[in-house]
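A short write-up of the structure that comes next.
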Amino acid sequence: MRPRQVAVVSSTVIVAVINCGSSSIKADVVETRDGNRLARLRVGRLGTDEARARLDDEPPISLGNLSVSDALAQLLPQLFSRADGIEGIGHRVVHGGERFVAPTLIDDEVAAAVAGLASLAPLHNPANHAGIVACRKLMPNLPQVAVFDTAFHATLPARARTYALPPELASKTGVRRYGFHGTSHAWVSARAAEYLQAPLQELRIVTCHLGNGASVAAVEYGRSVETSMGMTPLEGLVMGTRVGDIDPGVLLHLMREEGLDVDALDTLLNRNSGLAGLSGVGSDVRDIQERAAEGDDRCRLALRVFCHRIRKYIGAYAAVMGGVDAIVFTAGVGENSAEVRHMVAQRLDFLGARLDEDANRDAKVTRTSPVAEISTPRSRCRLLVVATDESRAIAEQTAAVVRGAHHVERERTIPIAVSARHIHLTPASVEALFGKGHKLTPLKELSQPGQFACEETLTVVGPKRRIENVRVLGPVRGKNQIEISRTDEFHLGVDAPVRRSGDVANSPGVTLEGPPER
Ligand code: AMP
């Protein structure tokens, strides 16, 4: 049998990263070690007579009315001729559904599965699939990898990913929350941890990806535990043209009162709402800010609704994680708009987050200098602007798959210890439960050096039920701590956090019962 490999990609790999939309193509040839771009292609307005392509910084060329496949057939050879040694192609794929939770090498079956997910992402997956098909035809000898926007959020717990619908209907139709922008949320949270010089698995970070599409994620100890987009990228924040959160009753009302059908609602909610709908001057935050400064009431309200929603999510995610160590702003608006960051960061003092107005105004991030701190030195919760780099992230993940290292990367970042339910006690608690002067009696050594299971057991009493004969582990510790399974948690009726052993801050309490006094 072939052993599992621990390959770490250290040498540089050159990867072409392709992001095909319904009317656009973005492609970068990226060197993974330092994120250098060796070549670049941008195509816009595909499917119209105004389609244009731009290679590197050259003047744009008109394409005529071409499909995604035809445009790629015409332009990809030119892009590839500008960089030697391309080892693989990474495709950004928006929806990975239930199945794809990690970057995946593409074969016929995977390509078909990406197309099969079109019902969950009708605007995106067909275009992603067209790009995959065209590239496989053009470059049949290069390995191609699908990197999914949903994958980072595969760790959402059931309580966060479940809509309150009858479960039979939800599972039959794949209706649940998936989350998007995962590549960006993962990338910026990792950069934030590097900047803060703390392990990602010890931080609770709220990442705000504020671009044309916008979403917030709660990244707890390196894992996404909540995010604002749902089954589709329509839920959550106010976006460039998307409505974000709305009472579903509004849709019923509009269908009944205005006679809107599915297509009309789709257009309204995806294209004619959000900042563009509110402001009446389009979706670009720069224009809206300019008009708002001139006194335009619609633009002022648009910015307020946009920022209020972001702040609301930050507060909610602080509650979800039981606190927040850093808030990250990224993407076009998050990286560039000091005004939006200023509006969002108002009244976050209760989280210990204090904005340094000067630092905020001066913040400038680039790919080579990707982090700027905008909180005051006394701010307990750090406020950071971080440049996202989805192309580089996709290139790195593609390189890891091409070189066979992927699972290792994921495993390395999230250490998990699995153990049976057990209790750690302080010396005072040992005496309170077993009698004055009592010392724990070692029964069996554990694999962790110096740790042992004890003869002593206790009963754990929760609000709902009790669990008897729970083993005490020695030696004594500085804090009382109980480690239990998810099933135990339901049985007892407590909502326990997933944490590193020893981190007991803000955990729910239970009662311990010792043996009867003799
Ligand atoms: P993205 O989707 O990340 O490329 O972000 C695109 C959006 O970023 C644009 O629609 C603009 O609204 C916004 N943006 C870019 N530069 C600025 C800026 N200097 N100030 C405010 N918003 C900006």
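Letters A, B, ... go to the chains of the structure tokens in the order shown; residues in each chain start at 1; ligands are counted from 1 in the same order.
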
Please find the residues contacting ligand 1 at a distance of at most 10 Å between atoms, with only C-alpha atoms and all ligand atoms counted, and report them as a count of residues only.
33

DSSP-assigned strand (DSSP E) members of range 76-298 of chain A, reported as an MDAnalysis selection string
chainID A and resid 86:93 104:105 144:148 204:210 214:220 223:227

Written selection (N, CA and C atoms) as a short mmCIF file (atom, residue, chain, number, x, y, z; two decimals), in the first residue's frame:
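Written output follows (out.cif):
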data_model
loop_
_atom_site.label_atom_id
_atom_site.label_comp_id
_atom_site.auth_asym_id
_atom_site.auth_seq_id
_atom_site.Cartn_x
_atom_site.Cartn_y
_atom_site.Cartn_z
N ILE A 86 4.13 26.33 -17.13
CA ILE A 86 2.85 26.22 -16.40
C ILE A 86 2.61 24.74 -16.08
N GLU A 87 2.36 24.47 -14.78
CA GLU A 87 2.24 23.06 -14.36
C GLU A 87 0.80 22.62 -14.15
N GLY A 88 -0.12 23.56 -14.08
CA GLY A 88 -1.50 23.16 -13.84
C GLY A 88 -2.44 24.35 -14.03
N ILE A 89 -3.72 24.04 -14.12
CA ILE A 89 -4.73 25.10 -14.24
C ILE A 89 -5.68 24.98 -13.05
N GLY A 90 -5.89 26.09 -12.36
CA GLY A 90 -6.85 26.11 -11.25
C GLY A 90 -8.10 26.86 -11.67
N HIS A 91 -9.24 26.23 -11.51
CA HIS A 91 -10.51 26.87 -11.88
C HIS A 91 -11.25 27.30 -10.63
N ARG A 92 -11.65 28.55 -10.61
CA ARG A 92 -12.54 28.96 -9.52
C ARG A 92 -13.93 28.42 -9.85
N VAL A 93 -14.48 27.63 -8.95
CA VAL A 93 -15.84 27.12 -9.13
C VAL A 93 -16.67 27.63 -7.96
N THR A 104 -10.14 19.88 -5.92
CA THR A 104 -10.30 18.54 -6.48
C THR A 104 -9.74 18.47 -7.90
N LEU A 105 -8.93 17.45 -8.14
CA LEU A 105 -8.40 17.21 -9.48
C LEU A 105 -9.56 16.89 -10.42
N GLN A 144 -5.82 19.76 -14.14
CA GLN A 144 -6.70 20.90 -13.85
C GLN A 144 -7.40 20.63 -12.53
N VAL A 145 -7.56 21.68 -11.75
CA VAL A 145 -8.07 21.54 -10.38
C VAL A 145 -9.23 22.50 -10.17
N ALA A 146 -10.29 22.01 -9.57
CA ALA A 146 -11.41 22.88 -9.23
C ALA A 146 -11.26 23.34 -7.79
N VAL A 147 -11.32 24.66 -7.58
CA VAL A 147 -11.23 25.22 -6.22
C VAL A 147 -12.58 25.89 -5.95
N PHE A 148 -13.24 25.44 -4.90
CA PHE A 148 -14.65 25.81 -4.69
C PHE A 148 -14.79 26.95 -3.69
N ARG A 204 -10.33 34.16 17.17
CA ARG A 204 -11.70 34.27 16.66
C ARG A 204 -11.75 35.54 15.80
N ILE A 205 -11.97 35.34 14.51
CA ILE A 205 -11.86 36.46 13.58
C ILE A 205 -13.18 36.63 12.82
N VAL A 206 -13.64 37.87 12.68
CA VAL A 206 -14.75 38.16 11.77
C VAL A 206 -14.15 38.75 10.50
N THR A 207 -14.34 38.08 9.37
CA THR A 207 -13.80 38.58 8.11
C THR A 207 -14.93 39.19 7.29
N CYS A 208 -14.74 40.43 6.85
CA CYS A 208 -15.76 41.12 6.06
C CYS A 208 -15.24 41.27 4.63
N HIS A 209 -15.73 40.45 3.72
CA HIS A 209 -15.35 40.55 2.30
C HIS A 209 -16.36 41.49 1.65
N LEU A 210 -15.92 42.73 1.41
CA LEU A 210 -16.84 43.75 0.89
C LEU A 210 -16.39 44.15 -0.51
N ALA A 214 -20.70 40.61 -1.44
CA ALA A 214 -20.17 40.88 -0.11
C ALA A 214 -20.68 39.82 0.87
N SER A 215 -19.77 39.40 1.77
CA SER A 215 -20.20 38.47 2.80
C SER A 215 -19.30 38.60 4.02
N VAL A 216 -19.82 38.15 5.16
CA VAL A 216 -19.08 38.16 6.42
C VAL A 216 -18.93 36.70 6.86
N ALA A 217 -17.80 36.38 7.49
CA ALA A 217 -17.65 35.03 8.03
C ALA A 217 -17.13 35.11 9.46
N ALA A 218 -17.58 34.14 10.27
CA ALA A 218 -17.04 33.97 11.62
C ALA A 218 -16.03 32.84 11.54
N VAL A 219 -14.75 33.17 11.70
CA VAL A 219 -13.69 32.16 11.58
C VAL A 219 -13.18 31.87 12.98
N GLU A 220 -13.65 30.77 13.54
CA GLU A 220 -13.35 30.43 14.93
C GLU A 220 -12.24 29.39 14.95
N ARG A 223 -11.61 27.75 11.63
CA ARG A 223 -12.70 27.11 10.87
C ARG A 223 -13.85 28.08 10.71
N SER A 224 -14.48 28.05 9.53
CA SER A 224 -15.65 28.89 9.34
C SER A 224 -16.82 28.27 10.10
N VAL A 225 -17.41 29.04 11.03
CA VAL A 225 -18.55 28.51 11.79
C VAL A 225 -19.85 29.25 11.48
N GLU A 226 -19.76 30.37 10.77
CA GLU A 226 -20.95 31.10 10.32
C GLU A 226 -20.56 31.97 9.14
N THR A 227 -21.49 32.20 8.25
CA THR A 227 -21.22 33.13 7.16
C THR A 227 -22.55 33.65 6.64
#

Close residues, Gly47 in chain A itself excluded, 9 Å, only C-alpha atoms, min 4 positions apart in chain, as a JSON list (two decimals) with all heavy atoms, in the first residue's frame:
[["chain", "number", "residue", "atom", "x", "y", "z"],
["A", 22, "SER", "N", -20.46, 34.42, -16.45],
["A", 22, "SER", "CA", -21.37, 34.26, -17.58],
["A", 22, "SER", "C", -21.02, 35.23, -18.71],
["A", 22, "SER", "O", -21.23, 34.94, -19.88],
["A", 22, "SER", "CB", -22.81, 34.46, -17.12],
["A", 22, "SER", "OG", -22.88, 35.67, -16.42],
["A", 23, "SER", "N", -20.43, 36.39, -18.37],
["A", 23, "SER", "CA", -20.09, 37.35, -19.43],
["A", 23, "SER", "C", -18.65, 37.83, -19.31],
["A", 23, "SER", "O", -18.28, 38.80, -19.95],
["A", 23, "SER", "CB", -21.04, 38.54, -19.35],
["A", 23, "SER", "OG", -20.85, 39.20, -18.12],
["A", 51, "ALA", "N", -17.97, 42.75, -26.75],
["A", 51, "ALA", "CA", -16.99, 41.97, -25.98],
["A", 51, "ALA", "C", -15.57, 42.45, -26.27],
["A", 51, "ALA", "O", -15.21, 42.69, -27.42],
["A", 51, "ALA", "CB", -17.13, 40.50, -26.33],
["A", 64, "GLY", "N", -15.95, 40.68, -30.89],
["A", 64, "GLY", "CA", -17.21, 40.29, -31.55],
["A", 64, "GLY", "C", -18.00, 39.40, -30.60],
["A", 64, "GLY", "O", -17.59, 39.17, -29.46],
["A", 65, "ASN", "N", -19.11, 38.88, -31.10],
["A", 65, "ASN", "CA", -20.00, 38.12, -30.23],
["A", 65, "ASN", "C", -19.53, 36.66, -30.10],
["A", 65, "ASN", "O", -19.85, 35.82, -30.92],
["A", 65, "ASN", "CB", -21.43, 38.19, -30.80],
["A", 65, "ASN", "CG", -22.43, 37.75, -29.75],
["A", 65, "ASN", "OD1", -22.07, 37.04, -28.80],
["A", 65, "ASN", "ND2", -23.66, 38.17, -29.91],
["A", 66, "LEU", "N", -18.77, 36.38, -29.03],
["A", 66, "LEU", "CA", -18.19, 35.04, -28.85],
["A", 66, "LEU", "C", -18.73, 34.39, -27.58],
["A", 66, "LEU", "O", -19.06, 35.08, -26.61],
["A", 66, "LEU", "CB", -16.67, 35.15, -28.69],
["A", 66, "LEU", "CG", -15.81, 35.49, -29.90],
["A", 66, "LEU", "CD1", -14.34, 35.47, -29.49],
["A", 66, "LEU", "CD2", -16.05, 34.49, -31.01],
["A", 67, "SER", "N", -18.76, 33.05, -27.59],
["A", 67, "SER", "CA", -19.10, 32.33, -26.36],
["A", 67, "SER", "C", -17.85, 32.26, -25.47],
["A", 67, "SER", "O", -16.74, 32.56, -25.93],
["A", 67, "SER", "CB", -19.55, 30.91, -26.71],
["A", 67, "SER", "OG", -18.44, 30.23, -27.26],
["A", 68, "VAL", "N", -18.03, 31.83, -24.22],
["A", 68, "VAL", "CA", -16.89, 31.64, -23.31],
["A", 68, "VAL", "C", -15.88, 30.70, -23.94],
["A", 68, "VAL", "O", -14.67, 30.97, -23.97],
["A", 68, "VAL", "CB", -17.37, 31.07, -21.95],
["A", 68, "VAL", "CG1", -16.20, 30.57, -21.11],
["A", 68, "VAL", "CG2", -18.14, 32.12, -21.17]]

Best match for closeness to Leu196 in chain A among A:Val461, A:Cys381, A:Val305, A:Leu63, counting only C-alpha atoms:
A:Cys381

Just the residues within 10 Å of Gln451 in chain A, please, counting only C-alpha atoms, with nothing from its chain fewer than 6 positions along; format it as number ranges by chain.
A: 442, 444-445, 473-476

Dump as a CSV table (one decimal), in the first residue's frame, selection limited to C-alpha atoms:
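Contents of out_8.csv, freshly written:
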chain,number,residue,atom,x,y,z
A,442,PRO,CA,-3.8,6.9,39.5
A,444,LYS,CA,-3.8,4.0,34.3
A,445,GLU,CA,-1.2,6.1,32.4
A,473,LEU,CA,-8.0,12.6,34.9
A,474,GLY,CA,-4.9,13.6,36.8
A,475,PRO,CA,-2.8,15.4,37.7
A,476,VAL,CA,-4.9,18.3,39.1

Residues near Gln78 in chain A, cut-off 12 Å, only C-alpha atoms, skip fewer than 3 positions along chain, as a ChimeraX atom specification
/A:27,29,39-41,53-56,71-75,81-83,138

Which of these residues is nearest to Val344 in chain A, using only C-alpha atoms: A:Val365, A:Leu383, A:Val175, A:Val371?
A:Leu383

Have a look at A:Asp358, A:Thr441, A:Arg176, A:Leu268 and name the one nearest to Ala158 in chain A; count only C-alpha atoms.
A:Arg176

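When only C-alpha atoms are used to measure the gap to Leu446 in chain A, the shortest distance among A:Val243, A:Leu458, A:Ala130, A:Ala420 belongs to A:Ala420.
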
Select from range 264-409 of chain A everything DSSP, run on the backbone, classes as alpha helix (DSSP H), then give the selection as an MDAnalysis selection string.
chainID A and resid 264:270 274:279 285:293 297:321 331:336 338:344 357:362 390:402 406:409

With a distance cut-off of 12 Å and only C-alpha atoms, select the neighbouring residues of His438 in chain A, excluding the residue or stretch itself and same-chain residues fewer than 4 positions from it, and output the selection as a ChimeraX atom specification.
/A:426-434,456,476

Atoms kept (N, CA and C atoms) for selection, written as a compact mmCIF listing (two decimals), in the first residue's frame:
# COMPACT_ATOMS: atom_id res chain seq x y z
N THR A 426 -9.40 21.01 39.96
CA THR A 426 -8.40 21.75 40.73
C THR A 426 -8.22 21.02 42.06
N PRO A 427 -7.11 21.28 42.78
CA PRO A 427 -6.93 20.64 44.10
C PRO A 427 -8.11 20.95 45.03
N ALA A 428 -8.62 22.20 44.98
CA ALA A 428 -9.73 22.57 45.88
C ALA A 428 -10.97 21.74 45.55
N SER A 429 -11.24 21.52 44.25
CA SER A 429 -12.42 20.75 43.87
C SER A 429 -12.27 19.29 44.28
N VAL A 430 -11.06 18.74 44.19
CA VAL A 430 -10.84 17.35 44.62
C VAL A 430 -11.23 17.21 46.09
N GLU A 431 -10.80 18.20 46.89
CA GLU A 431 -11.14 18.12 48.33
C GLU A 431 -12.62 18.32 48.55
N ALA A 432 -13.24 19.25 47.81
CA ALA A 432 -14.67 19.52 47.99
C ALA A 432 -15.50 18.29 47.61
N LEU A 433 -15.07 17.53 46.61
CA LEU A 433 -15.88 16.42 46.11
C LEU A 433 -15.57 15.10 46.83
N PHE A 434 -14.30 14.91 47.24
CA PHE A 434 -13.93 13.60 47.78
C PHE A 434 -13.51 13.66 49.26
N GLU A 456 -11.07 7.67 40.58
CA GLU A 456 -12.24 8.46 40.93
C GLU A 456 -13.14 8.75 39.72
N VAL A 476 -3.96 17.14 38.99
CA VAL A 476 -4.87 18.27 39.15
C VAL A 476 -4.41 19.43 38.26

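The smallest atom-to-atom distance between Ser184 in chain A and any of A:Glu455, A:Asp362, A:Glu50, A:Glu390, using only C-alpha atoms, is found for A:Glu390.
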
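Once Asp349 in chain A and its same-chain neighbours fewer than 4 positions away are set aside, Arg311, Gly315, Val324, Val344, Ala345, Ala353, Arg354, Leu355, Ser375, Thr376, Arg378, Ser379, Arg380, Cys381, Arg382 and Leu383 of chain A remain within 12 Å of it when counting only C-alpha atoms.
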